[in-house]
Amino acid sequence: MSKPKHFLFLQGPHGPFLNRLGKMLRGAGADVTRVGFNAGDRFFWRDKPSYVAFTDTLEQWPNTLASLMDQRGITDILLYGDTRPIHAEAVVQAKAKGIRVHVLEEGYLRPYWATYERDGSNGHSRLTSMSIDEMRVALEMCDPDAPMPSGSHWGDMRQHIFYGALYHWFVMFANRAYGKVQRHRELPVSTELRLYLGRLFFMPIHAIDRILSTWRIRFGGYPYHLALLQLEHDESFRKHSPFDRMEEFLALVVEGFAQGAPSHHHLVIKAHPLETGRRPLRKMVRELAIQYGLADRVHYVRGGKLAKTLNDARSAVTINSTSGQQVLWRGIPLKAFGNSVYDKPELVSDQPLKDFFASPKRPDMRAYKDYRRFLLETSQVPGGYYSSLGRRQLLRHLTDMLLTAEDPYDVLKSGHSAPRRQLKVVS
């Protein structure tokens, strides 16, 4: 008889998703333990008997984790992102003990999907070592007509921001018991809370500014290139990119544009949709544009929908943002820095930046369609973490994927994968 499954949940997306997932797994006969590192984790976990509060310093985490895994007979660990210190330590220990590691992330093909992988995600994903040809072999048993996205609507943005603000409120005002636990982010939680609340309060004003900026670009009558920014505090930027600060990337892009782009072309720098203003990006862009004599040819746009500015772009440059997938889907030339799951020679340009801006090479669209179809049949799960509809869609698939012995890439080869359906807009 196989050993009963016992899942150890660490930190997850803000909001009620992990609680719902734990309930589903218990209904399937598995045990679930949740470790919380602050009052926000505690608030969203409703099953008190299965909750373990970690209130020590991070130096004590390795010993606490090892004891917890041994005492409770943990068979599986689930975490959201694999690079923050508490999660990186958990991955190391779990692999040493033969414990299965389940990693959740935002969708590589946003906004209609979430990402589920084993052992690592982003720069640690198995995708980084797979070739397009290997993916094509695995797809031979599948339906050749994979669903295509109907737009770039991120339907649960408001819920995402709301749950982020609520989470940080609890960390700010109800966290006394967790006072020894250090945060993995640089900013104090009071600043995080202020930024989230400010983002909620100023959403209408920011939307007007974004609409006007986008309108001026779309009807400006000039060819333009896009630079798509990451979140500086995101682990993909911190652990899987060659940059320490966003100004390094901005300076490199503006300099390359100044050296290579035709004199009548413009550069549009677009902030991440979840950018909260922790860094003065607009000021940085303006100063760099003046420094390189491009004051009237460089434009900054707040986050929001990408499609309206992307559709007419001549090329795009990013670090390792998932927005690169939307660029490739449209057949637009892409230059990407850092480690990303779509960094394949058929898809991403290897030109020096100034040459890229002068005459960018287009991606191989046959290769991208095969790559995208492989992701949709494996690690991209319909649904989302933040809206109620998105959670329902995601849980329908994810619970069984967590319980199966094979990871999503191997299950496709064995022919055991369930068919996927296109998710309607999450709202």
# chains A, B, ... in the order shown; residues from 1 in each chain; ligands from 1
>>> residues_around(residues="stretch 312-324 of chain A", least_positions_apart="3", cutoff="7 Å", atoms="only C-alpha atoms", output="JSON, numbers by chain")
{"A": [108, 109, 223, 224, 225, 226, 227, 228, 229, 230, 241, 309, 327, 328, 332, 333, 334, 335, 336, 337, 338, 339, 340, 360]}
>>> write_last_selection(atoms="N, CA and C atoms", output="PDB file, in the first residue's frame")
ATOM      1  N   TYR A 108       2.790  31.482 -17.315  1.00  0.00           N
ATOM      2  CA  TYR A 108       3.718  31.866 -18.369  1.00  0.00           C
ATOM      3  C   TYR A 108       2.949  32.428 -19.561  1.00  0.00           C
ATOM      4  N   LEU A 109       1.728  31.958 -19.747  1.00  0.00           N
ATOM      5  CA  LEU A 109       0.847  32.460 -20.795  1.00  0.00           C
ATOM      6  C   LEU A 109      -0.310  33.202 -20.135  1.00  0.00           C
ATOM      7  N   PRO A 223       6.811  54.975 -36.239  1.00  0.00           N
ATOM      8  CA  PRO A 223       7.156  53.613 -35.842  1.00  0.00           C
ATOM      9  C   PRO A 223       7.749  53.632 -34.427  1.00  0.00           C
ATOM     10  N   TYR A 224       7.444  52.593 -33.650  1.00  0.00           N
ATOM     11  CA  TYR A 224       7.982  52.573 -32.293  1.00  0.00           C
ATOM     12  C   TYR A 224       8.336  51.156 -31.853  1.00  0.00           C
ATOM     13  N   HIS A 225       9.263  51.103 -30.888  1.00  0.00           N
ATOM     14  CA  HIS A 225       9.705  49.868 -30.260  1.00  0.00           C
ATOM     15  C   HIS A 225       9.279  49.906 -28.796  1.00  0.00           C
ATOM     16  N   LEU A 226       9.027  48.739 -28.218  1.00  0.00           N
ATOM     17  CA  LEU A 226       8.568  48.648 -26.830  1.00  0.00           C
ATOM     18  C   LEU A 226       9.651  48.073 -25.930  1.00  0.00           C
ATOM     19  N   ALA A 227       9.815  48.672 -24.766  1.00  0.00           N
ATOM     20  CA  ALA A 227      10.613  48.086 -23.685  1.00  0.00           C
ATOM     21  C   ALA A 227       9.649  47.733 -22.566  1.00  0.00           C
ATOM     22  N   LEU A 228       9.541  46.459 -22.238  1.00  0.00           N
ATOM     23  CA  LEU A 228       8.576  45.966 -21.260  1.00  0.00           C
ATOM     24  C   LEU A 228       9.292  45.680 -19.947  1.00  0.00           C
ATOM     25  N   LEU A 229       8.891  46.408 -18.898  1.00  0.00           N
ATOM     26  CA  LEU A 229       9.609  46.350 -17.633  1.00  0.00           C
ATOM     27  C   LEU A 229       9.102  45.215 -16.747  1.00  0.00           C
ATOM     28  N   GLN A 230       9.997  44.683 -15.941  1.00  0.00           N
ATOM     29  CA  GLN A 230       9.674  43.746 -14.882  1.00  0.00           C
ATOM     30  C   GLN A 230       9.438  44.524 -13.583  1.00  0.00           C
ATOM     31  N   SER A 241      18.040  37.405 -13.677  1.00  0.00           N
ATOM     32  CA  SER A 241      18.406  38.435 -14.647  1.00  0.00           C
ATOM     33  C   SER A 241      19.818  38.926 -14.355  1.00  0.00           C
ATOM     34  N   THR A 309      -0.789  48.785 -27.129  1.00  0.00           N
ATOM     35  CA  THR A 309       0.504  49.327 -27.543  1.00  0.00           C
ATOM     36  C   THR A 309       1.340  48.282 -28.272  1.00  0.00           C
ATOM     37  N   VAL A 327       4.385  39.012 -27.019  1.00  0.00           N
ATOM     38  CA  VAL A 327       5.171  39.523 -28.145  1.00  0.00           C
ATOM     39  C   VAL A 327       5.334  38.430 -29.194  1.00  0.00           C
ATOM     40  N   LEU A 328       5.738  37.250 -28.759  1.00  0.00           N
ATOM     41  CA  LEU A 328       5.982  36.146 -29.682  1.00  0.00           C
ATOM     42  C   LEU A 328       4.698  35.681 -30.363  1.00  0.00           C
ATOM     43  N   ILE A 332       6.145  39.354 -33.324  1.00  0.00           N
ATOM     44  CA  ILE A 332       6.963  40.562 -33.233  1.00  0.00           C
ATOM     45  C   ILE A 332       8.371  40.181 -32.777  1.00  0.00           C
ATOM     46  N   PRO A 333       9.411  40.762 -33.373  1.00  0.00           N
ATOM     47  CA  PRO A 333      10.778  40.454 -32.937  1.00  0.00           C
ATOM     48  C   PRO A 333      10.982  40.759 -31.451  1.00  0.00           C
ATOM     49  N   LEU A 334      11.689  39.859 -30.768  1.00  0.00           N
ATOM     50  CA  LEU A 334      11.870  39.978 -29.324  1.00  0.00           C
ATOM     51  C   LEU A 334      13.335  39.828 -28.950  1.00  0.00           C
ATOM     52  N   LYS A 335      13.815  40.735 -28.119  1.00  0.00           N
ATOM     53  CA  LYS A 335      15.131  40.642 -27.486  1.00  0.00           C
ATOM     54  C   LYS A 335      14.897  40.508 -25.991  1.00  0.00           C
ATOM     55  N   ALA A 336      15.451  39.457 -25.373  1.00  0.00           N
ATOM     56  CA  ALA A 336      15.196  39.207 -23.952  1.00  0.00           C
ATOM     57  C   ALA A 336      16.507  39.013 -23.206  1.00  0.00           C
ATOM     58  N   PHE A 337      16.574  39.573 -22.000  1.00  0.00           N
ATOM     59  CA  PHE A 337      17.733  39.418 -21.130  1.00  0.00           C
ATOM     60  C   PHE A 337      17.355  38.511 -19.963  1.00  0.00           C
ATOM     61  N   GLY A 338      18.364  37.828 -19.405  1.00  0.00           N
ATOM     62  CA  GLY A 338      18.108  36.952 -18.271  1.00  0.00           C
ATOM     63  C   GLY A 338      17.642  35.580 -18.723  1.00  0.00           C
ATOM     64  N   ASN A 339      17.318  34.733 -17.741  1.00  0.00           N
ATOM     65  CA  ASN A 339      16.850  33.378 -18.014  1.00  0.00           C
ATOM     66  C   ASN A 339      15.332  33.367 -18.074  1.00  0.00           C
ATOM     67  N   SER A 340      14.787  32.876 -19.161  1.00  0.00           N
ATOM     68  CA  SER A 340      13.337  32.780 -19.297  1.00  0.00           C
ATOM     69  C   SER A 340      12.982  31.461 -19.949  1.00  0.00           C
ATOM     70  N   PRO A 360      15.497  44.349 -36.550  1.00  0.00           N
ATOM     71  CA  PRO A 360      15.232  43.182 -35.690  1.00  0.00           C
ATOM     72  C   PRO A 360      14.805  41.948 -36.481  1.00  0.00           C
TER      73      PRO A 360
END
>>> residues_around(residues="A:Leu18", least_positions_apart="3", cutoff="9 Å", atoms="only C-alpha atoms", output="ChimeraX atom specification")
/A:9,11-15,21-23,44-45,385
>>> closest_residue(among="A:Val348, A:Ile74, A:Val254, A:Ala295", to="A:Lys97", atoms="only C-alpha atoms")
A:Ile74
>>> select_by_dssp(residues="stretch 194-329 of chain A", states="strand (DSSP E)", output="list in words")
Tyr224, His225, Leu226, Ala227, Leu228, His266, Leu267, Val268, Ile269, Lys270, Val298, His299, Tyr300, Val301, Ala316, Val317 and Thr318 of chain A
>>> write_last_selection(atoms="N, CA and C atoms", output="mmCIF file, in the first residue's frame")
data_model
loop_
_atom_site.group_PDB
_atom_site.id
_atom_site.type_symbol
_atom_site.label_atom_id
_atom_site.label_comp_id
_atom_site.auth_asym_id
_atom_site.auth_seq_id
_atom_site.Cartn_x
_atom_site.Cartn_y
_atom_site.Cartn_z
ATOM 1 N N TYR A 224 7.444 52.593 -33.650
ATOM 2 C CA TYR A 224 7.982 52.573 -32.293
ATOM 3 C C TYR A 224 8.336 51.156 -31.853
ATOM 4 N N HIS A 225 9.263 51.103 -30.888
ATOM 5 C CA HIS A 225 9.705 49.868 -30.260
ATOM 6 C C HIS A 225 9.279 49.906 -28.796
ATOM 7 N N LEU A 226 9.027 48.739 -28.218
ATOM 8 C CA LEU A 226 8.568 48.648 -26.830
ATOM 9 C C LEU A 226 9.651 48.073 -25.930
ATOM 10 N N ALA A 227 9.815 48.672 -24.766
ATOM 11 C CA ALA A 227 10.613 48.086 -23.685
ATOM 12 C C ALA A 227 9.649 47.733 -22.566
ATOM 13 N N LEU A 228 9.541 46.459 -22.238
ATOM 14 C CA LEU A 228 8.576 45.966 -21.260
ATOM 15 C C LEU A 228 9.292 45.680 -19.947
ATOM 16 N N HIS A 266 10.561 55.763 -32.494
ATOM 17 C CA HIS A 266 10.391 56.150 -31.096
ATOM 18 C C HIS A 266 10.513 54.915 -30.210
ATOM 19 N N LEU A 267 10.761 55.154 -28.932
ATOM 20 C CA LEU A 267 10.868 54.090 -27.925
ATOM 21 C C LEU A 267 9.797 54.291 -26.864
ATOM 22 N N VAL A 268 8.984 53.280 -26.648
ATOM 23 C CA VAL A 268 7.935 53.310 -25.626
ATOM 24 C C VAL A 268 8.336 52.374 -24.495
ATOM 25 N N ILE A 269 8.452 52.908 -23.291
ATOM 26 C CA ILE A 269 8.830 52.118 -22.112
ATOM 27 C C ILE A 269 7.580 51.913 -21.263
ATOM 28 N N LYS A 270 7.173 50.653 -21.126
ATOM 29 C CA LYS A 270 5.904 50.342 -20.465
ATOM 30 C C LYS A 270 6.148 49.651 -19.131
ATOM 31 N N VAL A 298 11.208 59.325 -26.671
ATOM 32 C CA VAL A 298 11.069 58.279 -25.648
ATOM 33 C C VAL A 298 9.837 58.585 -24.801
ATOM 34 N N HIS A 299 8.980 57.580 -24.612
ATOM 35 C CA HIS A 299 7.702 57.761 -23.918
ATOM 36 C C HIS A 299 7.557 56.719 -22.812
ATOM 37 N N TYR A 300 6.969 57.120 -21.705
ATOM 38 C CA TYR A 300 6.722 56.214 -20.580
ATOM 39 C C TYR A 300 5.218 56.005 -20.439
ATOM 40 N N VAL A 301 4.806 54.739 -20.277
ATOM 41 C CA VAL A 301 3.396 54.400 -20.116
ATOM 42 C C VAL A 301 3.243 53.557 -18.862
ATOM 43 N N ALA A 316 10.182 44.408 -29.525
ATOM 44 C CA ALA A 316 10.046 44.537 -28.074
ATOM 45 C C ALA A 316 11.308 44.015 -27.398
ATOM 46 N N VAL A 317 11.660 44.667 -26.284
ATOM 47 C CA VAL A 317 12.791 44.269 -25.455
ATOM 48 C C VAL A 317 12.275 44.085 -24.036
ATOM 49 N N THR A 318 12.707 43.009 -23.382
ATOM 50 C CA THR A 318 12.306 42.790 -21.999
ATOM 51 C C THR A 318 13.436 42.072 -21.273
#
>>> atom_distance(atom1="atom CA of A:Ala271", atom2="atom CA of A:Gly303")
4.8 Å
>>> atom_distance(atom1="atom CA of A:Val171", atom2="atom CA of A:Thr55")
13.0 Å
>>> atom_distance(atom1="atom CA of A:Tyr116", atom2="atom CA of A:Met141")
21.3 Å
>>> closest_residue(among="A:Leu398, A:Arg84, A:Thr75, A:Asp234", to="A:Lys3", atoms="only C-alpha atoms")
A:Thr75
>>> residues_around(residues="A:Arg330", least_positions_apart="5", cutoff="9 Å", atoms="only C-alpha atoms", output="number ranges by chain")
A: 310-311, 325, 365
>>> write_last_selection(atoms="N, CA and C atoms", output="mmCIF file, in the first residue's frame")
data_model
loop_
_atom_site.group_PDB
_atom_site.id
_atom_site.type_symbol
_atom_site.label_atom_id
_atom_site.label_comp_id
_atom_site.auth_asym_id
_atom_site.auth_seq_id
_atom_site.Cartn_x
_atom_site.Cartn_y
_atom_site.Cartn_z
ATOM 1 N N LEU A 310 1.131 47.011 -27.974
ATOM 2 C CA LEU A 310 1.957 45.967 -28.568
ATOM 3 C C LEU A 310 1.598 45.689 -30.019
ATOM 4 N N ASN A 311 0.323 45.806 -30.359
ATOM 5 C CA ASN A 311 -0.126 45.401 -31.688
ATOM 6 C C ASN A 311 0.613 46.109 -32.813
ATOM 7 N N GLN A 325 5.789 36.420 -24.012
ATOM 8 C CA GLN A 325 4.937 35.453 -24.695
ATOM 9 C C GLN A 325 3.925 36.150 -25.598
ATOM 10 N N MET A 365 7.573 31.492 -36.319
ATOM 11 C CA MET A 365 6.221 31.348 -35.781
ATOM 12 C C MET A 365 5.762 29.894 -35.710
#
>>> closest_residue(among="A:Met401, A:Leu10, A:Ala53, A:Ala307", to="A:Ser379", atoms="only C-alpha atoms")
A:Met401
>>> residues_around(residues="A:Arg366", least_positions_apart="6", cutoff="12 Å", atoms="only C-alpha atoms", output="ChimeraX atom specification")
/A:132-133,136,328-329,331,346-347,372-373
